[in-house]
>>> print(open('final_24.txt').read())   # compact mmCIF, C-alpha atoms
# COMPACT_ATOMS: atom_id res chain seq x y z
CA MET A 21 -38.05 110.13 -21.61
CA ALA A 22 -38.67 111.13 -25.25
CA THR A 23 -37.16 114.53 -26.04
CA GLN A 24 -36.16 116.53 -29.08
CA ALA A 25 -32.65 117.91 -29.56
CA LEU A 26 -31.64 121.49 -30.17
CA ARG A 27 -28.14 120.58 -31.31
CA THR A 28 -25.07 118.53 -30.39
CA VAL A 29 -21.74 119.86 -29.13
CA THR A 30 -18.38 118.16 -28.65
CA ASP A 31 -16.00 119.37 -26.00
CA ARG A 32 -12.63 118.41 -24.54
CA PHE A 33 -10.81 119.03 -21.27
CA SER A 34 -7.55 117.83 -19.71
CA LEU A 35 -7.34 115.94 -16.44
CA VAL A 36 -3.59 116.52 -16.35
CA ASP A 37 -2.99 120.16 -17.33
CA ASN A 38 -5.46 122.29 -15.43
CA ILE A 39 -5.90 125.70 -17.03
CA ARG A 40 -7.10 127.19 -13.76
CA LYS A 41 -4.15 128.63 -11.83
CA HIS A 42 -5.70 131.18 -9.47
CA THR A 43 -9.38 130.23 -9.10
CA PRO A 44 -10.88 127.31 -7.15
CA HIS A 45 -11.03 123.79 -8.53
CA ASN A 46 -11.22 120.41 -6.85
CA GLY A 47 -7.50 119.65 -7.39
CA ARG A 48 -8.07 115.92 -7.76
CA ASN A 49 -5.32 113.64 -9.02
CA TYR A 50 -7.21 110.99 -10.96
CA LEU A 51 -6.19 107.38 -11.45
CA MET A 52 -6.40 107.29 -15.26
CA SER A 53 -6.79 103.52 -15.60
CA ALA A 54 -9.86 103.64 -13.34
CA ILE A 55 -11.46 106.37 -15.48
CA ARG A 56 -10.88 104.45 -18.69
CA ALA A 57 -12.29 101.26 -17.18
CA THR A 58 -15.35 103.12 -15.88
CA ILE A 59 -16.34 104.99 -19.05
CA ASN A 60 -15.81 101.84 -21.14
CA SER A 61 -17.76 99.61 -18.76
CA PRO A 62 -20.80 97.75 -20.19
CA GLU A 63 -23.18 99.58 -17.83
CA VAL A 64 -22.02 103.06 -18.87
CA GLN A 65 -21.95 102.22 -22.57
CA GLU A 66 -25.44 100.70 -22.40
CA ARG A 67 -26.90 103.79 -20.74
CA ILE A 68 -25.25 106.02 -23.35
CA ASN A 69 -26.53 103.85 -26.23
CA LEU A 70 -30.05 103.90 -24.77
CA GLY A 71 -29.93 107.70 -24.46
CA GLU A 72 -30.30 107.60 -20.67
CA MET A 73 -27.12 109.38 -19.57
CA TYR A 74 -28.85 112.67 -18.72
CA GLY A 75 -27.31 115.90 -17.52
CA TYR A 76 -28.80 118.98 -15.89
CA TYR A 77 -28.36 122.70 -15.66
CA SER A 78 -26.26 123.06 -12.48
CA HIS A 79 -25.15 120.40 -10.03
CA THR A 80 -27.58 121.67 -7.39
CA ASN A 81 -30.39 119.12 -7.67
CA ARG A 82 -27.98 116.26 -8.14
CA ALA A 83 -25.97 117.32 -5.07
CA LEU A 84 -29.10 117.65 -2.91
CA TYR A 85 -30.38 114.23 -4.01
CA HIS A 86 -26.97 112.63 -3.46
CA LYS A 87 -26.81 114.07 0.05
CA GLU A 88 -30.23 112.60 0.76
CA THR A 89 -29.86 109.17 -0.88
CA GLY A 90 -26.22 108.64 -1.85
CA SER A 91 -27.23 108.31 -5.52
CA LEU A 92 -26.04 110.53 -8.38
CA ASP A 93 -28.80 109.41 -10.78
CA LEU A 94 -31.77 111.78 -10.59
CA PRO A 95 -35.34 110.54 -11.06
CA ASP A 96 -37.94 112.71 -12.83
CA ALA A 97 -39.04 114.05 -9.44
CA CYS A 98 -37.85 113.53 -5.88
CA TYR A 99 -38.13 114.87 -2.36
CA VAL A 100 -35.17 116.28 -0.45
CA THR A 101 -34.90 117.85 2.97
CA ILE A 102 -34.06 121.55 3.04
CA ASP A 103 -33.99 123.39 6.37
CA GLY A 104 -35.73 120.42 7.96
CA LYS A 105 -38.63 120.41 5.52
CA PRO A 106 -39.38 118.08 2.58
CA VAL A 107 -39.13 119.83 -0.78
CA MET A 108 -40.11 118.29 -4.11
CA LEU A 109 -37.64 118.71 -6.96
CA LYS A 110 -38.60 118.35 -10.62
CA ASN A 111 -35.51 117.23 -12.48
CA VAL A 112 -35.81 118.22 -16.12
CA PRO A 113 -32.65 117.30 -18.06
CA SER A 114 -30.88 119.83 -20.25
CA ASN A 115 -28.66 117.43 -22.15
CA ARG A 116 -27.50 113.85 -22.45
CA THR A 117 -24.17 112.23 -23.24
CA LEU A 118 -23.86 110.62 -26.67
CA LYS A 119 -20.25 109.45 -26.29
CA ILE A 120 -17.20 109.88 -24.08
CA SER A 121 -13.57 108.79 -24.43
CA MET A 122 -10.13 109.45 -22.94
CA ASP A 123 -6.79 109.41 -24.76
CA ASP A 124 -3.36 108.50 -23.42
CA ASP A 125 -2.63 112.13 -22.48
CA GLY A 126 -5.58 112.35 -20.09
CA ILE A 127 -7.78 114.36 -22.50
CA ILE A 128 -11.50 113.68 -22.03
CA GLU A 129 -13.62 114.17 -25.16
CA HIS A 130 -17.41 113.98 -24.94
CA THR A 131 -20.40 114.78 -27.13
CA GLN A 132 -23.57 116.25 -25.63
CA GLU A 133 -27.01 116.48 -27.13
CA ILE A 134 -28.69 119.67 -25.88
CA LEU A 135 -32.38 118.94 -25.38
CA ASP A 136 -35.42 121.02 -26.33
CA THR A 137 -36.40 121.66 -22.71
CA ASP A 138 -36.43 124.83 -20.61
CA PRO A 139 -33.09 123.98 -18.96
CA GLY A 140 -31.82 122.90 -22.39
CA HIS A 141 -32.54 126.33 -23.85
CA ILE A 142 -30.66 127.96 -20.96
CA VAL A 143 -27.68 125.66 -21.51
CA ASP A 144 -27.84 126.31 -25.25
CA GLY A 145 -27.66 130.08 -24.71
CA MET A 146 -24.94 129.81 -22.08
CA GLU A 147 -22.82 127.48 -24.19
CA ARG A 148 -23.12 129.68 -27.28
CA SER A 149 -21.98 132.69 -25.28
CA ASN A 150 -19.04 130.80 -23.73
CA ALA A 151 -20.51 131.17 -20.24
CA GLY A 152 -19.92 128.30 -17.82
CA GLY A 153 -19.01 124.84 -19.00
CA TRP A 154 -19.49 121.10 -18.73
CA SER A 155 -18.80 119.29 -15.47
CA TRP A 156 -19.02 115.54 -15.15
CA ALA A 157 -20.74 113.68 -12.32
CA THR A 158 -18.65 110.77 -11.10
CA GLY A 159 -18.61 108.54 -8.06
CA GLY A 160 -15.66 106.92 -6.34
CA SER A 161 -13.12 107.49 -3.60
CA ASP A 162 -11.24 110.71 -2.91
CA ALA A 163 -7.82 110.72 -1.30
CA ALA A 164 -4.33 111.65 -2.45
CA LEU A 165 -5.32 109.80 -5.63
CA SER A 166 -8.97 109.88 -6.79
CA ARG A 167 -10.36 106.59 -8.08
CA VAL A 168 -13.44 106.96 -10.29
CA SER A 169 -15.78 103.96 -10.12
CA SER A 170 -19.00 105.31 -11.69
CA PHE A 171 -20.03 107.86 -14.33
CA HIS A 172 -23.41 109.62 -14.37
CA GLY A 173 -23.23 112.14 -17.20
CA PHE A 174 -22.38 115.83 -17.60
CA ASP A 175 -24.09 118.83 -16.04
CA TYR A 176 -23.70 122.39 -17.25
CA VAL A 177 -22.39 124.63 -14.47
CA THR A 178 -21.28 128.22 -14.02
CA THR A 179 -17.76 127.36 -12.84
CA PRO A 180 -16.48 124.06 -14.25
CA ASN A 181 -13.45 122.49 -12.59
CA TYR A 182 -11.83 121.87 -15.96
CA ILE A 183 -11.95 124.56 -18.62
CA SER A 184 -12.79 123.52 -22.16
CA LEU A 185 -9.76 123.06 -24.43
CA ASN A 186 -11.98 123.93 -27.41
CA ARG A 187 -12.79 127.45 -26.23
CA LYS A 188 -10.48 128.28 -23.32
CA ALA A 189 -9.28 131.55 -24.94
CA ALA A 190 -12.83 132.82 -25.38
CA MET A 191 -13.72 131.89 -21.80
CA LEU A 192 -10.72 133.65 -20.35
CA GLU A 193 -10.57 136.72 -22.62
CA SER A 194 -14.20 137.71 -23.37
CA ALA A 195 -14.41 141.50 -23.08
CA ASP A 196 -18.18 141.80 -22.73
CA ALA A 197 -19.39 138.43 -21.51
CA HIS A 198 -22.66 139.75 -20.05
CA ALA A 199 -23.81 141.31 -23.33
CA LEU A 200 -22.82 138.22 -25.28
CA ARG A 201 -24.77 135.95 -22.95
CA LEU A 202 -27.82 138.22 -23.13
CA ALA A 203 -27.74 138.21 -26.94
CA GLU A 204 -27.53 134.44 -27.15
CA LEU A 205 -30.44 134.00 -24.72
CA LEU A 206 -32.53 136.39 -26.83
CA LYS A 207 -31.66 134.32 -29.91
CA SER A 208 -32.84 131.23 -28.05
CA GLY A 209 -36.32 132.77 -27.77
CA TYR A 210 -36.30 134.39 -24.33
CA SER A 211 -37.75 137.83 -23.73
CA GLU A 212 -35.47 140.62 -22.50
CA GLN A 213 -36.88 140.29 -18.99
CA GLY A 214 -36.60 136.50 -19.09
CA ALA A 215 -33.00 136.66 -20.34
CA ALA A 216 -32.10 139.23 -17.67
CA ASP A 217 -33.61 137.03 -14.94
CA ILE A 218 -31.68 134.01 -16.20
CA LEU A 219 -28.41 135.98 -16.21
CA LYS A 220 -29.06 137.24 -12.70
CA HIS A 221 -29.75 133.69 -11.57
CA PHE A 222 -26.62 132.53 -13.42
CA GLU A 223 -24.42 135.05 -11.60
CA GLN A 224 -25.93 134.05 -8.24
CA MET A 225 -25.28 130.41 -9.01
CA GLN A 226 -21.73 131.23 -10.05
CA SER A 227 -21.02 132.86 -6.73
CA HIS A 228 -22.66 129.99 -4.88
CA GLU A 229 -20.74 127.33 -6.81
CA LEU A 230 -17.45 129.13 -6.23
CA MET A 231 -18.11 128.94 -2.50
CA ILE A 232 -19.01 125.25 -2.81
CA GLU A 233 -15.84 124.53 -4.80
CA SER A 234 -13.73 126.35 -2.20
CA ALA A 235 -15.38 124.35 0.57
CA GLN A 236 -14.85 121.11 -1.35
CA ARG A 237 -11.22 122.02 -1.98
CA ASN A 238 -10.74 122.62 1.76
CA MET A 239 -12.41 119.27 2.44
CA TYR A 240 -10.04 117.49 0.04
CA LEU A 241 -7.04 119.23 1.60
CA GLN A 242 -8.22 118.22 5.08
CA SER A 243 -8.68 114.65 3.85
CA ASP A 244 -5.15 114.64 2.40
CA LEU A 245 -3.82 116.10 5.66
CA LEU A 246 -5.51 113.34 7.70
CA ILE A 247 -4.07 110.72 5.37
CA MET A 248 -0.57 112.19 5.70
CA GLN A 249 -0.94 112.42 9.49
CA GLY A 250 -1.98 108.78 9.58
CA ARG A 251 0.99 107.82 7.44
CA LEU A 252 3.29 109.84 9.70
CA MET A 253 1.99 107.95 12.73
CA GLU A 254 2.63 104.67 10.92
CA LEU A 255 6.19 105.74 10.09
CA GLU A 256 6.78 106.80 13.70
CA GLU A 257 5.58 103.39 14.91
CA GLU A 258 7.82 101.68 12.36
CA ALA A 259 10.78 103.80 13.53
CA LYS A 260 10.08 102.87 17.16
CA GLN A 261 9.93 99.18 16.27
CA GLN A 262 13.15 99.42 14.25
CA LYS A 263 14.89 101.14 17.18
CA ALA A 264 13.67 98.43 19.55
CA ASP A 265 14.93 95.74 17.16
CA LEU A 266 18.32 97.48 16.88
CA ASP A 267 18.57 97.83 20.68
CA GLU A 268 17.78 94.13 21.08
CA ALA A 269 20.33 93.17 18.42
CA LEU A 270 22.96 95.33 20.15
CA ALA A 271 22.17 93.76 23.53
CA VAL A 272 22.49 90.25 22.05
CA ARG A 273 25.79 91.20 20.45
CA GLN A 274 27.11 92.61 23.72
CA ARG A 275 26.09 89.46 25.63
CA ARG A 276 27.72 87.28 23.00
CA ALA A 277 30.92 89.36 23.17
CA ALA A 278 31.00 89.11 26.96
CA MET A 279 30.57 85.33 26.89
CA LEU A 280 33.24 84.95 24.21
CA GLU A 281 35.63 87.14 26.13
CA SER A 282 35.07 84.99 29.23
CA ALA A 283 35.74 81.86 27.21
CA ILE A 284 38.92 83.33 25.73
CA LYS A 285 40.33 83.82 29.21
CA THR A 286 40.18 80.05 29.84
CA LEU A 287 42.25 79.16 26.78
CA PRO A 288 45.62 77.45 27.55
CA VAL A 289 47.40 79.98 25.39
CA PHE A 290 47.97 83.67 25.78
CA LEU A 291 46.31 85.86 23.10
CA THR A 292 47.52 89.27 22.10
CA GLU A 293 45.10 92.22 22.23
CA GLU A 294 44.96 92.14 18.44
CA GLN A 295 43.89 88.48 18.47
CA LYS A 296 41.29 89.07 21.19
CA THR A 297 39.87 92.05 19.37
CA ALA A 298 39.70 90.10 16.12
CA MET A 299 37.86 87.18 17.75
CA LEU A 300 35.40 89.44 19.54
CA SER A 301 34.73 91.63 16.54
CA MET A 302 34.98 89.47 13.40
CA SER A 303 33.79 92.49 11.40
CA SER A 304 36.45 92.70 8.69
CA GLU A 305 38.66 90.66 6.43
CA ASP A 306 41.68 91.55 8.59
CA ASP A 307 39.92 90.14 11.68
CA LEU A 308 39.19 86.92 9.81
CA LYS A 309 42.80 86.57 8.64
CA THR A 310 44.12 87.12 12.18
CA VAL A 311 41.86 84.44 13.68
CA GLU A 312 42.49 81.99 10.82
CA ALA A 313 46.25 82.38 11.24
CA MET A 314 45.94 81.68 14.97
CA PHE A 315 43.81 78.53 14.43
CA GLU A 316 46.13 77.29 11.67
CA SER A 317 49.11 77.55 14.01
CA ILE A 318 47.27 75.48 16.61
CA ALA A 319 46.07 72.90 14.05
CA THR A 320 49.54 72.37 12.52
CA GLY A 321 51.13 71.86 15.92
CA HIS A 322 53.02 75.13 15.91
CA ILE A 323 51.86 75.72 19.43
CA SER A 324 55.35 76.92 20.33
CA SER A 325 54.71 79.96 18.15
CA LEU A 326 51.95 81.00 20.57
CA PRO A 327 52.86 82.25 24.03
CA LEU A 328 51.57 79.81 26.61
CA ASN A 329 49.53 80.96 29.55
CA ASN A 330 51.51 79.81 32.61
CA SER A 331 48.92 80.81 35.14
CA GLY A 332 47.46 77.30 35.43
CA ARG A 333 50.53 75.18 34.46
CA ARG A 334 51.39 72.17 36.61
CA GLU A 335 54.95 70.92 37.11
CA VAL A 336 55.59 67.14 37.28
CA ALA A 337 57.59 66.22 40.40
CA PRO A 338 60.83 64.25 39.69
CA ALA A 339 61.08 60.65 40.85
CA LYS A 340 62.66 60.10 44.22
CA THR A 341 66.18 58.58 44.16
CA SER A 342 68.46 56.96 46.71
CA LYS A 343 72.05 56.20 46.87
CA ILE A 344 71.48 53.01 44.99
CA GLY A 345 69.37 54.58 42.26
CA GLU A 346 65.79 55.24 41.50
CA ILE A 347 63.27 53.83 43.99
CA SER A 348 60.93 51.43 42.27
CA PRO A 349 57.24 51.90 42.97
CA ILE A 350 55.52 49.48 45.34
CA LEU A 351 53.10 47.29 43.37
CA PRO A 352 50.47 44.83 44.64
CA VAL A 353 51.38 41.19 44.89
CA GLY A 354 50.79 39.38 41.59
CA PHE A 355 50.57 42.64 39.55
CA LYS A 356 51.91 41.97 36.09
CA GLY A 357 51.41 45.37 34.51
CA PHE A 358 48.83 47.30 32.57
CA LEU A 359 47.22 45.69 29.55
>>> encode(input="final_24.txt", output="structure tokens")
Amino acid sequence: MATQALRTVTDRFSLVDNIRKHTPHNGRNYLMSAIRATINSPEVQERINLGEMYGYYSHTNRALYHKETGSLDLPDACYVTIDGKPVMLKNVPSNRTLKISMDDDGIIEHTQEILDTDPGHIVDGMERSNAGGWSWATGGSDAALSRVSSFHGFDYVTTPNYISLNRKAAMLESADAHALRLAELLKSGYSEQGAADILKHFEQMQSHELMIESAQRNMYLQSDLLIMQGRLMELEEEAKQQKADLDEALAVRQRRAAMLESAIKTLPVFLTEEQKTAMLSMSSEDDLKTVEAMFESIATGHISSLPLNNSGRREVAPAKTSKIGEISPILPVGFKGFL
């Protein structure tokens, strides 16, 4: 598409510090590394170098075509469905991107060539009068963090999400914006009636785009809410599983303590409550010292230092005696003794 240029403009905006505080914007939190990788990709740089990264006056045609096909790249003409009927759109570009970059602070800088086309003259007049601004067309995924994966140029819109850093004061403080816009359109060659019609259309588009931005913002908020609800459900499931694991661990510990307590009762020694508690618990250094001391006493033969449990003790009966002394046991004939 061979076109002449009216002029070139360079503009900047911040993805981090949004100047808008009280008016709608998409509120995206961009993944900066993804943006840098996208705008520096061979495909994007080739399209820019070939002069094919076109932009348009308003997002409207691009949005309609994207809804129909899923693509953000407009052909010269296309059909879209509006109110159930096919409508042909002629997509005449108003500008094209000559270069784009991003610094470490999240500042996007881009240069646009405004074309000598009907939409280009409108954009030229609007830009000179500080009306509207540049809005990029990007593809990717939107969630709590937006990941840009494709770049399709800049359109000129009535209500840009990100206000220009180069002329933010003029955009926010213009005392007679309507008269200024009208004068710039007249300078661009439009008649008074033509300029008035364009301004009327501009104001209608501005109202329409504000409603679209508000709807998009609600959509993003709903998406974030669904994501957070999903994460909450995951955390609740994790908490349930952790509780089940803790309950199982407690049950195992209780069974182990019961079995150990049963085994302690069969020991041939009597244990104090302190010793029993230490063996069953084994949860501190003091418990360990108590049990070690008990085992050391047993190992070194100091069994007398431990109270014996007499409940199962057997007494050895004394040998029977007679008047002439101890009765010798009766042994089998030929028994010599044990080897």
>>> atom_distance(input="final_24.txt", atom1="CA of Gln24 (chain A)", atom2="CA of Thr137 (chain A)")
8.2 Å
>>> residues_around(input="final_24.txt", residues="Lys285 (chain A)", least_positions_apart="5", cutoff="10 Å", atoms="all atoms listed in the file", output="list in words")
Leu280, Phe290, Leu291, Lys296 and Asn329 of chain A
>>> residues_around(input="final_24.txt", residues="Leu206 (chain A)", least_positions_apart="6", cutoff="9 Å", atoms="all atoms listed in the file", output="PyMOL selection string")
chain A and resi 145+212+214-215
>>> closest_residue(input="final_24.txt", among="A:Ser282, A:Val29, A:Val36, A:Ile318", to="Arg148 (chain A)", atoms="all atoms listed in the file")
A:Val29
>>> closest_residue(input="final_24.txt", among="A:Asp31, A:Ala157, A:Asp136, A:Glu88", to="Lys119 (chain A)", atoms="all atoms listed in the file")
A:Asp31
>>> closest_residue(input="final_24.txt", among="A:His172, A:Pro113, A:Leu118, A:Pro139", to="Ser91 (chain A)", atoms="only C-alpha atoms")
A:His172
>>> residues_around(input="final_24.txt", residues="Ala97 (chain A)", least_positions_apart="3", cutoff="9 Å", atoms="all atoms listed in the file", output="PyMOL selection string")
chain A and resi 94+108-112
>>> atom_distance(input="final_24.txt", atom1="CA of Ser304 (chain A)", atom2="CA of Asp267 (chain A)")
22.1 Å
>>> atom_distance(input="final_24.txt", atom1="CA of Lys220 (chain A)", atom2="CA of Val107 (chain A)")
23.4 Å
>>> closest_residue(input="final_24.txt", among="A:Gly152, A:Gly140, A:Gly173, A:Pro180", to="Gly71 (chain A)", atoms="only C-alpha atoms")
A:Gly173
>>> closest_residue(input="final_24.txt", among="A:Val289, A:Met279, A:Glu72, A:Asn150", to="Ser317 (chain A)", atoms="all atoms listed in the file")
A:Val289
>>> closest_residue(input="final_24.txt", among="A:Asp124, A:Glu133, A:Asp103, A:Asp175", to="Ser78 (chain A)", atoms="only C-alpha atoms")
A:Asp175
>>> residues_around(input="final_24.txt", residues="Asp125 (chain A)", least_positions_apart="2", cutoff="10 Å", atoms="all atoms listed in the file", output="JSON, numbers by chain")
{"A": [34, 35, 36, 37, 52, 122, 123, 127, 128]}
